[in-house]
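Here is protein-v9.txt, consisting of compact mmCIF, C-alpha atoms:
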# COMPACT_ATOMS: atom_id res chain seq x y z
CA MET A 29 -112.20 143.43 -43.59
CA ASN A 30 -114.98 141.65 -45.42
CA ILE A 31 -112.99 138.42 -45.53
CA ILE A 32 -112.40 138.68 -41.78
CA ASN A 33 -116.12 139.15 -41.19
CA LEU A 34 -116.90 136.13 -43.36
CA VAL A 35 -114.40 133.87 -41.57
CA LEU A 36 -115.49 135.15 -38.17
CA GLY A 37 -119.15 134.59 -39.07
CA THR A 38 -118.51 131.05 -40.29
CA VAL A 39 -116.48 130.07 -37.22
CA GLY A 40 -119.09 131.75 -35.03
CA SER A 41 -121.91 129.78 -36.69
CA PHE A 42 -120.00 126.55 -36.09
CA ILE A 43 -119.64 127.30 -32.38
CA ALA A 44 -123.20 128.66 -32.05
CA ILE A 45 -124.84 125.70 -33.77
CA ALA A 46 -122.73 123.03 -32.05
CA CYS A 47 -123.68 124.68 -28.73
CA PHE A 48 -127.33 124.96 -29.72
CA ALA A 49 -127.30 121.27 -30.59
CA VAL A 50 -126.31 120.66 -26.95
CA LEU A 51 -129.36 122.65 -25.81
CA LEU A 52 -131.53 120.50 -28.09
CA GLU A 53 -129.96 117.30 -26.66
CA CYS A 54 -128.50 116.27 -29.99
CA PRO A 55 -126.56 112.97 -29.66
CA LYS A 56 -122.91 113.56 -28.71
CA LYS A 57 -121.41 111.89 -31.77
CA HIS A 58 -123.50 114.06 -34.11
CA LEU A 59 -122.59 117.43 -32.51
CA PRO A 60 -119.66 118.22 -34.89
CA TYR A 61 -121.77 117.39 -37.94
CA ALA A 62 -124.54 119.73 -36.78
CA GLY A 63 -121.87 122.39 -36.28
CA ILE A 64 -120.48 121.86 -39.79
CA ILE A 65 -123.96 122.23 -41.30
CA GLY A 66 -124.49 125.42 -39.29
CA ALA A 67 -121.11 126.80 -40.35
CA VAL A 68 -121.73 126.13 -44.04
CA GLY A 69 -125.23 127.62 -43.78
CA GLY A 70 -123.98 130.72 -41.99
CA GLY A 71 -121.08 131.07 -44.45
CA VAL A 72 -123.37 130.86 -47.48
CA TYR A 73 -125.74 133.38 -45.88
CA LEU A 74 -122.95 135.90 -45.20
CA LEU A 75 -121.44 135.35 -48.67
CA CYS A 76 -124.81 136.09 -50.30
CA MET A 77 -125.25 139.19 -48.12
CA GLU A 78 -121.72 140.26 -49.13
CA CYS A 79 -122.79 139.99 -52.80
CA GLU A 80 -125.81 142.17 -51.95
CA MET A 81 -128.45 139.61 -52.89
CA GLY A 82 -130.77 140.60 -50.03
CA ALA A 83 -131.78 138.69 -46.92
CA VAL A 84 -134.57 136.72 -48.60
CA ILE A 85 -132.49 135.19 -51.43
CA ALA A 86 -129.58 134.66 -49.03
CA SER A 87 -131.89 132.73 -46.69
CA PHE A 88 -133.23 130.65 -49.55
CA LEU A 89 -129.78 129.63 -50.82
CA SER A 90 -128.42 128.89 -47.37
CA ALA A 91 -131.54 126.88 -46.42
CA LEU A 92 -131.12 124.92 -49.67
CA VAL A 93 -127.50 124.05 -48.81
CA ILE A 94 -128.38 123.24 -45.18
CA ALA A 95 -131.29 120.97 -46.13
CA PHE A 96 -129.15 119.19 -48.74
CA LEU A 97 -126.31 118.60 -46.26
CA SER A 98 -128.76 117.45 -43.55
CA HIS A 99 -130.32 114.84 -45.84
CA THR A 100 -126.88 113.67 -46.99
CA PHE A 101 -125.54 113.34 -43.44
CA ALA A 102 -128.74 111.59 -42.33
CA ARG A 103 -128.31 108.96 -45.03
CA VAL A 104 -124.59 108.48 -44.45
CA LEU A 105 -124.84 108.34 -40.63
CA TYR A 106 -128.20 106.47 -40.40
CA ALA A 107 -129.94 109.09 -38.25
CA PRO A 108 -133.23 110.99 -38.69
CA VAL A 109 -132.95 114.15 -40.80
CA THR A 110 -134.41 116.16 -37.90
CA ILE A 111 -131.23 115.72 -35.82
CA PHE A 112 -129.26 117.74 -38.37
CA LEU A 113 -131.94 119.94 -39.89
CA ILE A 114 -133.36 121.51 -36.71
CA PRO A 115 -130.04 122.86 -35.31
CA GLY A 116 -128.50 123.42 -38.75
CA ILE A 117 -131.26 125.68 -40.07
CA LEU A 118 -131.08 128.06 -37.07
CA PRO A 119 -128.66 130.65 -38.53
CA THR A 120 -131.21 131.20 -41.30
CA VAL A 121 -134.49 130.95 -39.42
CA PRO A 122 -135.90 134.40 -38.56
CA GLY A 123 -136.09 133.92 -34.78
CA ALA A 124 -134.57 137.36 -34.27
CA GLY A 125 -137.06 138.72 -36.83
CA MET A 126 -139.97 137.50 -34.71
CA TYR A 127 -138.50 139.31 -31.73
CA ARG A 128 -138.00 142.52 -33.75
CA ILE A 129 -141.66 142.51 -34.89
CA VAL A 130 -142.93 142.59 -31.34
CA TYR A 131 -140.14 144.83 -30.06
CA TYR A 132 -140.81 147.62 -32.56
CA ILE A 133 -144.53 147.50 -31.83
CA MET A 134 -143.65 148.15 -28.18
CA ALA A 135 -141.22 150.91 -29.17
CA GLY A 136 -144.06 152.60 -31.07
CA LYS A 137 -142.40 152.14 -34.47
CA ASN A 138 -145.18 150.39 -36.35
CA GLY A 139 -143.60 150.99 -39.76
CA THR A 140 -140.37 149.21 -38.83
CA SER A 141 -142.40 146.43 -37.24
CA ALA A 142 -144.40 145.93 -40.45
CA TYR A 143 -141.16 145.83 -42.45
CA TYR A 144 -139.80 143.02 -40.25
CA LEU A 145 -143.15 141.21 -40.32
CA VAL A 146 -143.11 141.04 -44.13
CA GLN A 147 -139.42 140.09 -44.18
CA THR A 148 -139.93 137.34 -41.61
CA LEU A 149 -142.86 135.90 -43.57
CA GLU A 150 -140.84 136.00 -46.80
CA ILE A 151 -137.84 134.29 -45.21
CA ALA A 152 -140.04 131.66 -43.56
CA GLY A 153 -141.68 130.98 -46.92
CA MET A 154 -138.31 130.70 -48.64
CA ILE A 155 -137.01 128.26 -46.01
CA ALA A 156 -140.18 126.21 -46.44
CA LEU A 157 -139.64 126.14 -50.19
CA ALA A 158 -135.99 125.10 -49.78
CA ILE A 159 -136.78 122.29 -47.32
CA PHE A 160 -139.64 121.13 -49.54
CA LEU A 161 -137.51 121.12 -52.72
CA VAL A 162 -134.65 119.16 -51.14
CA GLY A 163 -137.04 116.72 -49.42
CA THR A 164 -138.79 116.00 -52.72
CA PHE A 165 -135.45 115.63 -54.49
CA PHE A 166 -134.32 112.93 -52.05
CA LYS A 167 -137.71 111.20 -52.21
CA VAL A 168 -137.49 111.04 -56.02
CA LEU A 169 -133.92 109.75 -55.75
CA LYS A 170 -135.09 106.97 -53.40
CA GLN A 171 -137.95 106.08 -55.77
CA ILE A 172 -135.56 105.81 -58.72
CA ASN A 173 -133.13 103.67 -56.70
CA TRP A 174 -135.96 101.39 -55.62
CA LYS A 175 -137.23 100.95 -59.21
CA VAL A 176 -133.74 100.24 -60.54
CA SER A 177 -132.93 97.66 -57.86
CA ASN A 178 -136.27 95.89 -58.41
CA LYS A 179 -135.79 95.31 -62.13
CA MET B 19 -148.73 87.65 -31.46
CA ASP B 20 -149.14 89.53 -28.19
CA TYR B 21 -151.36 92.37 -29.40
CA LYS B 22 -151.42 94.06 -26.03
CA LEU B 23 -147.63 94.27 -25.82
CA LEU B 24 -147.44 95.41 -29.45
CA MET B 25 -149.91 98.18 -28.67
CA ASN B 26 -147.97 99.21 -25.56
CA THR B 27 -144.72 99.29 -27.50
CA ALA B 28 -146.19 101.42 -30.27
CA VAL B 29 -147.80 103.85 -27.81
CA LEU B 30 -144.64 104.09 -25.71
CA ALA B 31 -142.61 104.87 -28.83
CA GLY B 32 -145.17 107.53 -29.82
CA VAL B 33 -145.29 109.14 -26.37
CA THR B 34 -141.50 109.26 -26.12
CA MET B 35 -141.24 110.93 -29.53
CA LEU B 36 -144.04 113.41 -28.85
CA LYS B 37 -142.53 114.38 -25.49
CA SER B 38 -139.19 114.94 -27.23
CA GLY B 39 -140.77 117.36 -29.69
CA ALA B 40 -141.07 115.21 -32.83
CA GLU B 41 -143.51 116.31 -35.55
CA THR B 42 -146.95 114.72 -35.22
CA TYR B 43 -146.87 113.17 -38.71
CA ARG B 44 -143.57 111.49 -37.84
CA VAL B 45 -145.10 110.06 -34.64
CA GLU B 46 -148.07 108.72 -36.61
CA GLU B 47 -145.69 107.17 -39.14
CA THR B 48 -143.69 105.38 -36.43
CA ILE B 49 -146.79 104.04 -34.61
CA VAL B 50 -148.31 102.73 -37.84
CA ARG B 51 -145.01 101.14 -38.89
CA ILE B 52 -144.70 99.26 -35.59
CA LEU B 53 -148.37 98.11 -35.58
CA LYS B 54 -148.27 97.00 -39.23
CA THR B 55 -145.74 94.28 -38.28
CA ALA B 56 -148.67 92.30 -36.82
CA ASN B 57 -150.41 92.06 -40.22
CA VAL B 58 -153.78 93.04 -38.74
CA GLU B 59 -156.78 94.32 -40.69
CA THR B 60 -157.21 97.76 -39.14
CA VAL B 61 -154.57 100.14 -37.84
CA GLU B 62 -155.66 103.71 -37.18
CA THR B 63 -153.92 106.48 -35.33
CA VAL B 64 -154.47 110.17 -34.75
CA VAL B 65 -151.71 112.16 -33.08
CA LEU B 66 -152.20 115.69 -31.82
CA THR B 67 -149.58 117.81 -30.10
CA THR B 68 -151.26 117.04 -26.77
CA GLY B 69 -152.24 113.39 -27.13
CA ILE B 70 -152.27 110.10 -29.01
CA PHE B 71 -155.25 107.95 -30.13
CA VAL B 72 -154.55 104.48 -31.51
CA THR B 73 -156.80 101.61 -32.44
CA LEU B 74 -155.96 98.07 -33.58
CA ASP B 75 -158.47 95.50 -34.87
CA ASN B 76 -158.48 92.05 -36.42
CA PRO B 77 -161.25 89.38 -36.86
CA ASP B 78 -159.55 87.03 -34.35
CA MET B 79 -159.45 89.51 -31.48
CA GLU B 80 -161.33 92.14 -29.49
CA ASN B 81 -160.26 95.51 -30.81
CA ILE B 82 -157.80 97.50 -28.70
CA SER B 83 -157.96 101.29 -28.45
CA VAL B 84 -155.62 103.45 -26.46
CA ILE B 85 -155.86 107.14 -25.61
CA LYS B 86 -152.76 108.71 -24.15
CA ARG B 87 -152.46 112.27 -22.94
CA VAL B 88 -149.05 113.94 -23.26
CA GLU B 89 -148.64 116.86 -20.92
CA SER B 90 -145.07 118.14 -21.09
CA ARG B 91 -143.17 118.74 -24.30
CA GLY B 92 -139.58 119.79 -24.85
CA THR B 93 -136.93 119.21 -27.49
CA ASN B 94 -134.66 116.20 -27.13
CA LEU B 95 -133.21 115.10 -30.46
CA ASN B 96 -131.32 112.22 -28.86
CA ARG B 97 -134.51 110.47 -27.75
CA ILE B 98 -136.08 110.92 -31.18
CA GLY B 99 -132.98 109.31 -32.69
CA CYS B 100 -133.11 106.40 -30.21
CA VAL B 101 -136.80 105.65 -30.84
CA ASN B 102 -136.16 105.89 -34.57
CA SER B 103 -133.34 103.36 -34.50
CA ILE B 104 -135.26 100.94 -32.22
CA SER B 105 -138.37 101.03 -34.42
CA ARG B 106 -136.24 100.59 -37.53
CA ARG B 107 -134.46 97.56 -36.06
CA TYR B 108 -137.71 96.04 -34.80
CA CYS B 109 -139.48 96.48 -38.13
CA ALA B 110 -136.52 94.93 -39.97
CA GLY B 111 -136.88 91.86 -37.74
CA GLU B 112 -133.54 92.37 -36.03
CA MET B 113 -135.07 92.32 -32.53
CA THR B 114 -138.12 90.79 -30.83
CA LEU B 115 -141.08 92.74 -29.52
CA GLU B 116 -140.00 92.17 -25.89
CA GLU B 117 -136.51 93.51 -26.61
CA ALA B 118 -137.93 96.55 -28.37
CA TYR B 119 -140.22 97.30 -25.42
CA THR B 120 -137.41 96.99 -22.85
CA GLU B 121 -135.08 99.17 -24.90
CA LEU B 122 -137.78 101.83 -25.33
CA LYS B 123 -138.33 101.78 -21.57
CA ALA B 124 -134.59 102.25 -20.99
CA ILE B 125 -134.19 105.42 -23.09
CA GLY B 126 -132.70 108.01 -20.76
CA GLY B 127 -133.44 111.69 -20.28
CA ARG B 128 -130.74 114.37 -20.41
CA GLN B 129 -127.29 113.52 -21.74
CA TYR B 130 -125.51 116.69 -20.67
CA ARG B 131 -124.85 118.05 -17.23
CA ARG B 132 -126.16 121.45 -16.10
CA VAL B 133 -122.68 123.01 -16.42
CA ILE B 134 -122.24 121.96 -20.04
CA TYR B 135 -125.77 123.16 -20.76
CA ASN B 136 -124.95 126.61 -19.36
CA LEU B 137 -121.60 126.79 -21.17
CA ALA B 138 -123.42 125.94 -24.39
CA THR B 139 -125.88 128.79 -23.76
CA ILE B 140 -122.95 131.22 -23.53
CA GLY B 141 -121.41 129.66 -26.65
CA VAL B 142 -124.62 130.24 -28.62
CA CYS B 143 -124.68 133.92 -27.63
CA ALA B 144 -121.03 134.50 -28.51
CA GLY B 145 -121.22 132.46 -31.72
CA PHE B 146 -124.19 134.34 -33.16
CA ALA B 147 -122.63 137.80 -32.62
CA PRO B 148 -120.47 137.80 -35.81
CA LEU B 149 -123.46 136.56 -37.84
CA PHE B 150 -125.36 139.71 -36.84
CA GLY B 151 -122.47 141.92 -37.94
CA GLY B 152 -120.60 142.10 -34.64
CA SER B 153 -116.85 142.07 -34.19
CA PHE B 154 -114.67 141.08 -31.21
CA PRO B 155 -116.11 143.62 -28.70
CA GLU B 156 -119.64 142.46 -29.52
CA ILE B 157 -118.63 138.79 -29.16
CA GLY B 158 -117.32 139.53 -25.67
CA GLY B 159 -120.41 141.54 -24.79
CA ALA B 160 -122.76 138.83 -26.06
CA ALA B 161 -120.86 136.20 -24.06
CA LEU B 162 -121.22 138.31 -20.89
CA ALA B 163 -124.94 138.82 -21.55
CA GLY B 164 -125.10 135.06 -22.15
CA VAL B 165 -123.70 134.49 -18.66
CA THR B 166 -126.58 136.53 -17.22
CA LEU B 167 -129.06 134.64 -19.39
CA ALA B 168 -127.71 131.25 -18.27
CA LEU B 169 -127.77 132.39 -14.64
CA VAL B 170 -131.37 133.64 -14.79
CA THR B 171 -132.53 130.52 -16.64
CA THR B 172 -130.85 128.19 -14.13
CA ILE B 173 -132.32 130.01 -11.13
CA GLY B 174 -135.73 130.20 -12.81
CA LYS B 175 -135.75 126.47 -13.59
CA TYR B 176 -134.69 125.74 -10.02
CA LEU B 177 -137.62 127.83 -8.70
CA ARG B 178 -139.90 126.24 -11.33
CA ILE B 179 -141.00 129.54 -12.84
CA GLN B 180 -143.43 129.09 -15.73
CA GLY B 181 -142.04 129.22 -19.30
CA PHE B 182 -143.45 132.56 -20.49
CA LEU B 183 -142.33 134.47 -17.40
CA LEU B 184 -138.94 132.77 -17.44
CA ASN B 185 -138.38 134.02 -20.99
CA VAL B 186 -139.37 137.55 -19.91
CA PHE B 187 -136.90 137.48 -17.01
CA SER B 188 -134.08 135.94 -19.11
CA ALA B 189 -134.46 138.56 -21.84
CA PHE B 190 -134.68 141.28 -19.18
CA GLY B 191 -131.39 140.13 -17.64
CA ALA B 192 -129.62 139.92 -21.00
CA ALA B 193 -130.86 143.39 -22.03
CA LEU B 194 -129.80 144.94 -18.72
CA THR B 195 -126.30 143.47 -19.12
CA ALA B 196 -126.05 144.83 -22.67
CA ILE B 197 -127.20 148.32 -21.59
CA PHE B 198 -124.75 148.26 -18.68
CA LEU B 199 -121.88 147.29 -21.01
CA LYS B 200 -122.89 150.03 -23.44
CA SER B 201 -122.65 152.61 -20.66
CA ILE B 202 -119.08 151.48 -19.91
CA PHE B 203 -117.94 151.01 -23.53
CA PRO B 204 -119.79 153.61 -25.65
CA GLY B 205 -118.42 152.13 -28.91
CA LEU B 206 -120.29 148.88 -28.46
CA HIS B 207 -123.17 148.02 -30.87
CA MET B 208 -125.85 147.39 -28.27
CA ASP B 209 -128.44 146.10 -30.75
CA THR B 210 -126.08 143.35 -31.96
CA VAL B 211 -125.26 142.33 -28.39
CA ILE B 212 -128.93 142.13 -27.39
CA ILE B 213 -130.02 140.16 -30.47
CA SER B 214 -127.12 137.69 -30.14
CA SER B 215 -127.65 137.18 -26.43
CA ILE B 216 -131.35 136.31 -26.79
CA MET B 217 -130.66 133.75 -29.54
CA PRO B 218 -130.79 130.74 -27.15
CA ILE B 219 -134.42 131.54 -26.24
CA VAL B 220 -135.58 132.94 -29.60
CA PRO B 221 -138.24 130.68 -31.20
CA GLY B 222 -136.17 129.45 -34.16
CA VAL B 223 -136.94 125.79 -33.50
CA ALA B 224 -140.68 126.48 -33.15
CA ILE B 225 -140.71 128.35 -36.49
CA THR B 226 -138.87 125.49 -38.23
CA TYR B 227 -141.34 122.96 -36.85
CA ALA B 228 -144.29 125.20 -37.77
CA ILE B 229 -143.03 125.30 -41.36
CA ARG B 230 -142.41 121.54 -41.55
CA ASP B 231 -145.76 120.62 -39.98
CA SER B 232 -147.69 122.97 -42.28
CA LEU B 233 -145.84 121.68 -45.36
CA GLN B 234 -146.78 118.14 -44.39
CA GLY B 235 -150.45 119.20 -44.40
CA ASP B 236 -150.72 119.05 -40.62
CA TYR B 237 -152.24 122.50 -40.14
CA LEU B 238 -153.35 121.93 -36.55
CA ALA B 239 -149.81 121.25 -35.32
CA GLY B 240 -148.48 123.98 -37.61
CA ALA B 241 -150.84 126.56 -36.12
CA ALA B 242 -149.97 125.44 -32.58
CA ARG B 243 -146.26 125.84 -33.28
CA SER B 244 -146.75 129.25 -34.90
CA MET B 245 -148.64 130.38 -31.82
CA GLU B 246 -145.83 129.05 -29.61
CA ALA B 247 -143.26 130.98 -31.68
CA PHE B 248 -145.30 134.17 -31.46
CA MET B 249 -145.82 133.93 -27.70
CA THR B 250 -142.09 133.33 -27.15
CA ALA B 251 -141.29 136.37 -29.28
CA VAL B 252 -143.75 138.43 -27.23
CA ALA B 253 -142.10 137.27 -23.98
CA ILE B 254 -138.60 138.15 -25.21
CA ALA B 255 -139.59 141.54 -26.57
CA LEU B 256 -141.42 142.26 -23.31
CA GLY B 257 -138.27 141.43 -21.35
CA VAL B 258 -135.98 143.54 -23.52
CA GLY B 259 -138.50 146.39 -23.55
CA MET B 260 -138.74 146.26 -19.76
CA GLY B 261 -134.95 146.43 -19.51
CA MET B 262 -134.90 149.52 -21.70
CA ALA B 263 -137.83 151.16 -19.93
CA VAL B 264 -136.16 150.68 -16.54
CA THR B 265 -132.94 152.29 -17.73
CA GLY B 266 -134.83 155.09 -19.49
CA ILE B 267 -133.70 154.32 -23.04
CA LEU B 268 -137.17 153.43 -24.25
CA GLN B 269 -139.86 156.06 -23.81
CA PRO B 270 -143.33 154.57 -24.06
CA GLY B 271 -144.89 155.40 -27.42
CA GLY B 272 -141.85 157.40 -28.42
CA GLY B 273 -138.56 156.82 -30.17
CA LEU B 274 -135.89 154.33 -29.23
CA PHE B 275 -132.90 156.38 -28.28

Please, can you express the file's structure as structure tokens?
Amino acid sequence: MNIINLVLGTVGSFIAIACFAVLLECPKKHLPYAGIIGAVGGGVYLLCMECEMGAVIASFLSALVIAFLSHTFARVLYAPVTIFLIPGILPTVPGAGMYRIVYYIMAGKNGTSAYYLVQTLEIAGMIALAIFLVGTFFKVLKQINWKVSNK
Amino acid sequence: MDYKLLMNTAVLAGVTMLKSGAETYRVEETIVRILKTANVETVETVVLTTGIFVTLDNPDMENISVIKRVESRGTNLNRIGCVNSISRRYCAGEMTLEEAYTELKAIGGRQYRRVIYNLATIGVCAGFAPLFGGSFPEIGGAALAGVTLALVTTIGKYLRIQGFLLNVFSAFGAALTAIFLKSIFPGLHMDTVIISSIMPIVPGVAITYAIRDSLQGDYLAGAARSMEAFMTAVAIALGVGMGMAVTGILQPGGGLF
């Protein structure tokens, strides 16, 4: 049952992200790549949740993988990182969390709302950290390459 | 060197990027990169989410300053990619300034037809359902709610309804569909269906941009994006809450079910 959920979630993320890339007017030839990044990100997220790591760590790891893949694809395919990162990161980004915060305030459940507020902030922070780490890693890599080729 | 044309090219590139939803620091980077090809003494630019200020100065010329207001913003990754590749080719000396300007002018708008756009909306709803713990019934339910969402959005755009209200109506339609389905199939997880079906309008992109802008030290743009994300969330929750209030599931100030 768990395996089925994992496979279903991964395939679902592929479809969802490839479709979302259409909404964001991602170039046609890059649609499958955006989908692959989304699928891997969603798969990692579900796998981490399956291992009971918690939503925050799961988001961090999946954002790390997504950012790494986005930078790699951007360099291989000569496109800006944004084209892959913006759709790819969506399975992880707490868009639904933002909605829940406001929704539970309206439903009169302030405690639940506060819980989602803290969780959303934590996840957003973790995604920021992941994007930042990977971005710095690739910048350092470029610097090293540049120094080596200039010797 | 035709400074005027250079300036126009740089500003056009910046405006196109800003209108397509690029981060402000990336717009500044592109403008400076294009202007630096002239080897002038002073190149300054300030880009806000609502406008561009550029100035160019050299001892052999009168200085040129341009202020450009950008009114509408959306997300169009294709145009960002096009501007990026043109500016890269121009700066590498692979094309002349005139060619760069003409190509920038020729960048098109939408790539996909309305039908594909709507099908993609339904695909997003269905695809996210398993990620929120749904199984096959929820995928079907989310897809149906997605149809309502696409329908409301299309009609709303046709009638030119303003963004906040459009989000309220879209979420309202999706929630009503989910509640209706729940009343027919009692085994359905309504929460999963609702969350999946609002995914196309949920502010995920705005949050990502807010994070990236703030990390880059651009707190003004970061705060603007955070506000945008929050207002979108308010609109969606308002729509879903309205749907529940109408059908009597949500009692004001009370419990959910």

- Query: Given the choices B:Asp236, B:Glu62, B:Glu80, B:Asp209, which gets closest to chain A if the distance is worked out from only C-alpha atoms?
  - Reply: B:Asp209

- Item | Counting only C-alpha atoms, the option among A:Ile133, A:Met77, A:Leu118, A:Ala95 closest to chain B | A:Leu118

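For the residues B:Thr226, B:Asn26, B:Thr55, B:Thr210, ranking by smallest atom-to-atom distance to chain A using all atoms listed in the file places B:Thr226 first.
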
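Nearest to Tyr176 in chain B of all the residues B:Thr67, B:Ala138, B:Ala118, B:Arg132 is B:Arg132, counting only C-alpha atoms.
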
Within 12 Å of Phe166 in chain A using all atoms listed in the file, minus same-chain residues under 3 positions, as a short mmCIF file (atom, residue, chain, number, x, y, z; two decimals) with C-alpha atoms, keeping the file's coordinate frame:
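Wrote result-v7.cif, looks like this:
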data_model
loop_
_atom_site.label_atom_id
_atom_site.label_comp_id
_atom_site.auth_asym_id
_atom_site.auth_seq_id
_atom_site.Cartn_x
_atom_site.Cartn_y
_atom_site.Cartn_z
CA ALA A 95 -131.29 120.97 -46.13
CA PHE A 96 -129.15 119.19 -48.74
CA LEU A 97 -126.31 118.60 -46.26
CA SER A 98 -128.76 117.45 -43.55
CA HIS A 99 -130.32 114.84 -45.84
CA THR A 100 -126.88 113.67 -46.99
CA ALA A 102 -128.74 111.59 -42.33
CA ARG A 103 -128.31 108.96 -45.03
CA VAL A 109 -132.95 114.15 -40.80
CA ILE A 159 -136.78 122.29 -47.32
CA PHE A 160 -139.64 121.13 -49.54
CA LEU A 161 -137.51 121.12 -52.72
CA VAL A 162 -134.65 119.16 -51.14
CA GLY A 163 -137.04 116.72 -49.42
CA LEU A 169 -133.92 109.75 -55.75
CA LYS A 170 -135.09 106.97 -53.40
CA GLN A 171 -137.95 106.08 -55.77
CA ILE A 172 -135.56 105.81 -58.72
CA ASN A 173 -133.13 103.67 -56.70
#

- Message: Residues within 8 Å of Ala28 in chain B, please, as an MDAnalysis selection string. Count all atoms listed in the file; anything in the same chain fewer than 5 positions from it doesn't count.
- Response: chainID B and resid 48:50 52:53

- Contacts of Ala224 in chain B within 9 Å, only C-alpha atoms, excl. fewer than 6 positions in-chain, as an MDAnalysis selection string: (chainID A and resid 123) or (chainID B and resid 243:247)

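Closest approach to Ile94 in chain A among A:Ala44, A:Ile64, A:Met81, A:Ala49: A:Ile64, based on only C-alpha atoms.
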
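The part of chain A that reaches within 6 Å of chain B is made up of Gly37, Gly40, Ser41, Ile43, Ala44, Cys47, Leu52, Glu53, Cys54, Pro55, Ile111, Val121, Gly123, Met126, Tyr127, Val130, Tyr131, Gly136 and Ala156 of chain A, counting all atoms listed in the file.
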
Residue subset to file, keeping C-alpha atoms, as an mmCIF file, keeping the file's coordinate frame:
data_model
loop_
_atom_site.group_PDB
_atom_site.id
_atom_site.type_symbol
_atom_site.label_atom_id
_atom_site.label_comp_id
_atom_site.auth_asym_id
_atom_site.auth_seq_id
_atom_site.Cartn_x
_atom_site.Cartn_y
_atom_site.Cartn_z
ATOM 1 C CA GLY A 37 -119.150 134.590 -39.070
ATOM 2 C CA GLY A 40 -119.090 131.750 -35.030
ATOM 3 C CA SER A 41 -121.910 129.780 -36.690
ATOM 4 C CA ILE A 43 -119.640 127.300 -32.380
ATOM 5 C CA ALA A 44 -123.200 128.660 -32.050
ATOM 6 C CA CYS A 47 -123.680 124.680 -28.730
ATOM 7 C CA LEU A 52 -131.530 120.500 -28.090
ATOM 8 C CA GLU A 53 -129.960 117.300 -26.660
ATOM 9 C CA CYS A 54 -128.500 116.270 -29.990
ATOM 10 C CA PRO A 55 -126.560 112.970 -29.660
ATOM 11 C CA ILE A 111 -131.230 115.720 -35.820
ATOM 12 C CA VAL A 121 -134.490 130.950 -39.420
ATOM 13 C CA GLY A 123 -136.090 133.920 -34.780
ATOM 14 C CA MET A 126 -139.970 137.500 -34.710
ATOM 15 C CA TYR A 127 -138.500 139.310 -31.730
ATOM 16 C CA VAL A 130 -142.930 142.590 -31.340
ATOM 17 C CA TYR A 131 -140.140 144.830 -30.060
ATOM 18 C CA GLY A 136 -144.060 152.600 -31.070
ATOM 19 C CA ALA A 156 -140.180 126.210 -46.440
#

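Interatomic distance, CA of Gln147 in chain A against CA of Ala91 in chain A: 15.5 Å.
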
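Atom to atom, CA of Val45 in chain B and CA of Gly66 in chain A stand 26.1 Å apart.
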
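What separates CA of Ser87 in chain A from CA of Asn33 in chain A is a distance of 17.9 Å.
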
- Message: Given the point (-154.2, 92.3, -26.6) in the coordinates of this file, which residues lie within 12 Å, counting all atoms listed in the file, and how would they look as a VMD selection string?
- Response: chain B and resid 19 to 27 56 73 to 76 78 to 84

- Message: Taking 3 positions as the minimum chain separation for residues in the same chain, which residues sit within 7 Å of Gly71 in chain A when counting all atoms listed in the file? Answer as a count of residues only.
- Response: 7

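Restricting the calculation to all atoms listed in the file, the smallest distance between Ile212 in chain B and any of A:Leu51, A:Ile32, A:Ala46, A:Ala124 is found for A:Ala124.
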